[in-house]
Amino acid sequence: LTPCRPRPGPEGTAGPLLASPGRGLEGAMSLLVVLGYVVAVLLFLCFGVAPVFVWAEERRQFDDMSLFRTIVVVQVWILLTSIEAARLGALRTFFGVDVRLEAHTSCRTIALFILRTFFDGYEVLGEEHLSAARGRPVVVVANHQSMMDVAAIFTLHLKAAWVAKTTVFWIPGVGWLMALAGYVPVSRRDKASIKQMYSTCTTRIEEDWSLILFPQGTRNRRKILPFKDGAYNLASDLGVPILPVTICIPSDIWKNGTKIVSTAHPLVMDTRDKAKVKADTFRVILTPLAKANGDDMARPGVLLAKKKADYKGGGSEPEEPSRVGGGR
């Protein structure tokens, strides 16, 4: 009997039975190379492009910044939130666990770690007003000057869901963890998105969560922007109090890491007169910042001086708010 031999291919090459393993190995290697390129691009976008983009955005608000500090802070923030998002995402996907509260706690823990590690910590004033807010759902409204306002709000230790632009949820790590926490996305010019946002906010309030909004809509520390109606419509329609909060971000925070100070003001219990409540909370929140920069009263369009102003007071309240220990 003549032993079976593979039929030679064209020009003396091996036949298909011997050639297929080689082609399969080459295909697998090619796939690994493509995956490697994809991972490299994603890492570059997350840890290279995103931090520089944040630095460029913050540079519009701050004259004196450390590029190194900014990039390191953003990289660490993205890294830690990505790890937590992967862990909690796996729990939700494969085991059906409701991870919203744990994801919210992780958001706060990481924010406080950032403040204590890369900055001079934080200080919270008005603990008596926070104590009243922790026992019930409220709508938190605060001024918006910097991305660090987000970390400042977490120092208040409230069980609260952010209402944020849909694009914020695209931020690597940070946005993923926000989505897992059940925070509320909204596209301002999309009526369907706004309707869905109202529905989700109603559900969160019914579940005993508070809501957090920046009524100015966008950050600006160069001048005082007016408040929009969304937060006040929500509070009035849902019948919940409003907690005004003043956030002081020092002008040298990205240079020297100076401490952030957040002040909680008295709850506004009756939110039915939306126009009056909006005007009152605008004055309470922003007048302290305006006075620190030489103006007697906060008004939309008032320019804020570029000098450093470490606000320590409690707004229009006659008494000194109680202090809560923070970082460091």
# chains A, B, ... in the order shown; residues from 1 in each chain; ligands from 1
$ closest_atom_pairs --of "region 87-191 of chain A" --to "region 206-221 of chain A" --cutoff "8 Å" --atoms "only C-alpha atoms" --output "tab-separated table"
residue	atom	partner	partner_atom	distance
A:Arg136	CA	A:Asp208	CA	6.9
A:Pro137	CA	A:Ser210	CA	4.4
A:Val138	CA	A:Ser210	CA	4.8
A:Val139	CA	A:Leu211	CA	4.8
A:Val140	CA	A:Ile212	CA	4.7
A:Val141	CA	A:Leu213	CA	5.3
A:Ala142	CA	A:Phe214	CA	5.4
A:Asn143	CA	A:Phe214	CA	6.1
A:His144	CA	A:Arg219	CA	4.7
A:Gln145	CA	A:Arg219	CA	4.5
A:Ser146	CA	A:Arg219	CA	5.9
A:Met147	CA	A:Arg219	CA	7.9
A:Leu158	CA	A:Ser210	CA	7.6
A:Lys159	CA	A:Trp209	CA	5.8
A:Ala160	CA	A:Ser210	CA	4.2
A:Ala161	CA	A:Leu211	CA	4.9
A:Trp162	CA	A:Ile212	CA	4.7
A:Val163	CA	A:Leu213	CA	5.7
A:Ala164	CA	A:Leu213	CA	7.4
$ select_by_dssp --residues "region 198-304 of chain A" --states "helix (DSSP H, G or I)" --output "JSON, numbers by chain"
{"A": [198, 199, 200, 201, 202, 203, 204, 205, 206, 230, 231, 232, 233, 234, 235, 236, 237, 238, 253, 254, 255, 256, 274, 275, 276, 277, 278, 279, 280, 281, 282, 283, 284, 285, 286, 287, 288, 289, 290, 291, 292]}
$ closest_residue --among "A:Ala132, A:Met197, A:Ala103, A:Val261" --to "Thr81 (chain A)" --atoms "only C-alpha atoms"
A:Ala103
$ residues_around --residues "Met269 (chain A)" --least-positions-apart "5" --cutoff "9 Å" --atoms "only C-alpha atoms" --output "PyMOL selection string"
chain A and resi 239-243
$ atom_distance --atom1 "CA of Ala85 (chain A)" --atom2 "CA of Gly257 (chain A)"
27.1 Å
$ closest_residue --among "A:Glu26, A:Asp237, A:Asp229, A:Asp252" --to "Phe282 (chain A)" --atoms "only C-alpha atoms"
A:Asp229
$ closest_residue --among "A:Arg116, A:Lys255, A:Arg108, A:Lys165" --to "Leu67 (chain A)" --atoms "only C-alpha atoms"
A:Lys255
$ closest_residue --among "A:Leu79, A:Ala28, A:Ala151, A:Val74" --to "Glu123 (chain A)" --atoms "only C-alpha atoms"
A:Ala151
$ atom_distance --atom1 "CA of Leu112 (chain A)" --atom2 "CA of Pro51 (chain A)"
19.0 Å
$ closest_residue --among "A:Thr281, A:Thr105, A:Ser131, A:Ser251" --to "Lys228 (chain A)" --atoms "only C-alpha atoms"
A:Thr281
$ closest_residue --among "A:Leu180, A:Ile224, A:Ala152, A:Ile171" --to "Ile249 (chain A)" --atoms "only C-alpha atoms"
A:Ala152
$ atom_distance --atom1 "CA of Val245 (chain A)" --atom2 "CA of Leu156 (chain A)"
9.6 Å
$ select_by_dssp --residues "region 138-280 of chain A" --states "strand (DSSP E)" --output "list in words"
Val139, Val140, Val141, Ala142, Ala160, Ala161, Trp162, Val163, Ala164, Lys165, Val184, Pro185, Val186, Ser210, Leu211, Ile212, Leu213, Ile242, Leu243, Pro244, Val245, Thr246, Ile247, Cys248, Ile260, Val261, Ser262, Thr263 and Ala264 of chain A
$ residues_around --residues "Ala264 (chain A)" --least-positions-apart "4" --cutoff "7 Å" --atoms "only C-alpha atoms" --output "PyMOL selection string"
chain A and resi 125-126+129-130+244-246
$ write_last_selection --atoms "N, CA and C atoms" --output "PDB file, in the first residue's frame"
ATOM      1  N   LEU A 125     -19.168  74.018  55.916  1.00  0.00           N
ATOM      2  CA  LEU A 125     -19.847  74.882  56.877  1.00  0.00           C
ATOM      3  C   LEU A 125     -21.351  74.671  56.771  1.00  0.00           C
ATOM      4  N   GLY A 126     -22.052  74.889  57.894  1.00  0.00           N
ATOM      5  CA  GLY A 126     -23.510  74.764  57.887  1.00  0.00           C
ATOM      6  C   GLY A 126     -24.005  73.356  58.154  1.00  0.00           C
ATOM      7  N   HIS A 129     -27.739  72.703  58.762  1.00  0.00           N
ATOM      8  CA  HIS A 129     -28.623  72.677  57.596  1.00  0.00           C
ATOM      9  C   HIS A 129     -28.493  71.348  56.847  1.00  0.00           C
ATOM     10  N   LEU A 130     -27.297  70.789  56.845  1.00  0.00           N
ATOM     11  CA  LEU A 130     -27.099  69.481  56.214  1.00  0.00           C
ATOM     12  C   LEU A 130     -27.820  68.390  56.989  1.00  0.00           C
ATOM     13  N   PRO A 244     -29.745  75.329  49.299  1.00  0.00           N
ATOM     14  CA  PRO A 244     -28.751  76.141  48.592  1.00  0.00           C
ATOM     15  C   PRO A 244     -27.351  75.878  49.148  1.00  0.00           C
ATOM     16  N   VAL A 245     -26.363  75.803  48.266  1.00  0.00           N
ATOM     17  CA  VAL A 245     -24.983  75.535  48.667  1.00  0.00           C
ATOM     18  C   VAL A 245     -24.057  76.491  47.923  1.00  0.00           C
ATOM     19  N   THR A 246     -23.161  77.126  48.682  1.00  0.00           N
ATOM     20  CA  THR A 246     -22.116  77.970  48.089  1.00  0.00           C
ATOM     21  C   THR A 246     -20.809  77.206  48.072  1.00  0.00           C
TER      22      THR A 246
END
